[in-house]
Every structure is written in C-alpha cells, then in structure tokens.
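Shown next, in structure tokens, is the structure this report addresses.
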Amino acid sequence: MELAADLVETPAQREAVHAILEPFEINHKAEDRTGMRIDFDTQKAAAVKLQLIQRLDGEEAALTFIAANRHLTTFRMLLIAYHLQEGDRSTARTLAQEGLDATKSDGLQYGVALSYHQLLLDIARRENDNEAIIKHARALWLSRLGHEYYDVMANAVPPDEWAAFQTRLLSDKACPRDLAAWAYARDGLWAEVRDIVLASPSLLAPYQLEIEARFPDETATMYERLAQKMLKDASNRQMYHEAAGYLVRMQKVGRGDEGKAVARKLIEQHPQRRAMIEELRRVL
C-alpha cells in the first residue's frame, strides 16, 4: 500500500486505496500470538493515508490529518515533534502528558509511556522546571533506562535536600534493590550497600572487594552461611565449586581458619560425596 500511495494520480485511484485501507482504520485491533492487543495495522493504514495527503494535498492538510489522529501514538509523536520545532513547548507538553495518561490504563504500552517521560523530561529541562525534571528522571531511572537519569535528579534536587530525597527514593518499594545498591555505592554510602548485599547476596559481585575491605566480619559470616546453605542443597559439582569458593574467600577477610573448620566438618559429615570433597580440599 505504500507503493500504491506513491503511484496514485487520480481521484479514482485514491478512492481505491482508501477502500482497501478502510477495514484497518475502524477501531481495528489485531492480536499477536500471546493475545496482547496491538494497533499496528491501524497506525500503518493511517500512515499510508498521510503519505497520500502529503503528496497530493500539501503539508497543511497533512498537519490537520495528524492532529485528527493524535490518538495513535505515532501521530501524537509527530504532532509533538512539530510543536517543539515551532517552539510551542506548552502544546507539546500537553500532548505528551495526555499520551502518558492514556498509557496508564494499558500495561502493554509501558515502552510508549517511557517515550513520553523522555519527551516531558526534555521539555522540563528546556524550561528549567526542576519539579518536572525530578519526576520524569525518577521514572526513567527506576525503569532502568540509564544511570544518567540518577545524575539528572542529583543535579535538580537542592544540595541541602538531597540526603532526604535520596533516602526516600532508595527505600521506596518501587526501587529495585540492585539500583539502590548502585546508587549508595556511587555516593560512597557503603554501610547501606552492605545491608542490601547481606540481605540479597546475589548482588554482591560488583561490590565484593569494597565490602570485604570495609566489613570483613560481616562478609565472612555471610560467606560461611552461603557456603553451608549451598552445600546442604547442592547436588552437582558446579555448586560445590561455588560454595567452596566462598570458604576460600574467608581467608581474604582474616577468617581462613573458620572456613577450613567448616570444610573439615562437611567432609566428615558427607564422606560419600566425592565431588564435594574434591572441591572442599581447595579450602584446606
């Protein structure tokens, strides 16, 4: 149909294209294999129609058509881009906020919502609207779109309010623990990082050396607990190897003798587990 739109020259040809597009324009909703609603066909049909209008009727008519179809995401984005280019940030902001509000009732539009947050953040930064900057940067950072949005927040919040803001942000249930750990580490708040890691050892890797150096006793206790739990539940060499690695690591924090004692006890308790014994001998 895109090719056809490029070839249309007469009203009859145009009408023929419109007739083919019509079934896709009337609230058409397709479903993919997972059952999620998509309006790809609707937007594509409207895009072909826009192509015709731009070529045969001119840009003013095209803009009118885009505005009339702003309920479609691609057309709303075109309209926002037009108003930004014209310097009308107020209208662009209103359109973007309306689009964002419309996504709240449809969880399948999560990615679209983030696009609106990015647009609204860009507008807020141009207008030095710190409240809006913080709001949209927060949404984007919590959605894992990039750590740069954390820096955007840090620059927008007054310095004397940052500590309280950071505490609220990172203790919020909406904040994933790995993001909170990253943020605390970025700001040198290692006690907070330690607490997160002790509660969720799977997050240890990026902070292991710092945690070992700053909190050797707590780290050694965690290593011992992890090793014993893993060896209790383990049934393959890979887990034996990983558990033994934690006991070996206890030497790095000055608790090597305790790690060896755990290894000896486990060897005595499970003489039939050859693979486990071979791995634990690394500890000794």
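Chain labels run A, B, ... following the order of the structure tokens; each chain numbers its residues from 1, and ligands are numbered from 1 in the order shown.
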TODO: Excluding A:Ile211 and residues on its chain fewer than 6 positions from it, collect all residues at most 8 Å away from it, counting only C-alpha atoms, and give them as a ChimeraX atom specification.
DONE: /A:190,194,219
Could you take the residues named above and write them with all heavy atoms, as a compact mmCIF listing (two decimals), in the first residue's frame?
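Wrote result-v8.txt, looks like this:
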# COMPACT_ATOMS: atom_id res chain seq x y z
N TRP A 190 28.67 3.05 51.99
CA TRP A 190 28.96 1.62 51.94
C TRP A 190 28.22 0.82 53.01
O TRP A 190 27.97 -0.37 52.82
CB TRP A 190 30.46 1.39 52.03
CG TRP A 190 31.12 1.83 50.77
CD1 TRP A 190 31.82 2.97 50.55
CD2 TRP A 190 31.06 1.15 49.51
NE1 TRP A 190 32.21 3.05 49.23
CE2 TRP A 190 31.77 1.94 48.58
CE3 TRP A 190 30.49 -0.05 49.08
CZ2 TRP A 190 31.92 1.56 47.24
CZ3 TRP A 190 30.63 -0.42 47.76
CH2 TRP A 190 31.35 0.37 46.85
N ARG A 194 26.27 -2.52 52.14
CA ARG A 194 26.46 -3.75 52.92
C ARG A 194 25.12 -4.35 53.33
O ARG A 194 24.90 -5.56 53.17
CB ARG A 194 27.29 -3.44 54.17
CG ARG A 194 27.40 -4.61 55.16
CD ARG A 194 27.70 -4.10 56.56
NE ARG A 194 26.64 -3.22 57.04
CZ ARG A 194 26.78 -2.37 58.07
NH1 ARG A 194 27.91 -2.29 58.71
NH2 ARG A 194 25.75 -1.60 58.42
N THR A 219 31.13 -9.88 56.24
CA THR A 219 31.30 -10.58 54.97
C THR A 219 31.65 -12.04 55.20
O THR A 219 31.12 -12.94 54.53
CB THR A 219 32.39 -9.91 54.12
OG1 THR A 219 32.10 -8.51 53.99
CG2 THR A 219 32.46 -10.52 52.73
TODO: Please report, as number ranges by chain, each residue of stretch 35-128 of chain A to which DSSP assigns alpha helix (DSSP H) when run on this structure's backbone.
DONE: A: 40-56, 59-68, 73-85, 89-103, 110-126
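Using only C-alpha atoms, the shortest contact distance between A:Leu121 and any of A:Leu142, A:Ile267, A:Met153, A:Ala180 is found at A:Met153.
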Task: Top pick for closest residue to A:Arg144, considering A:Glu131, A:Asp178, A:Glu25, A:Asp41 and counting only C-alpha atoms - done: A:Asp178
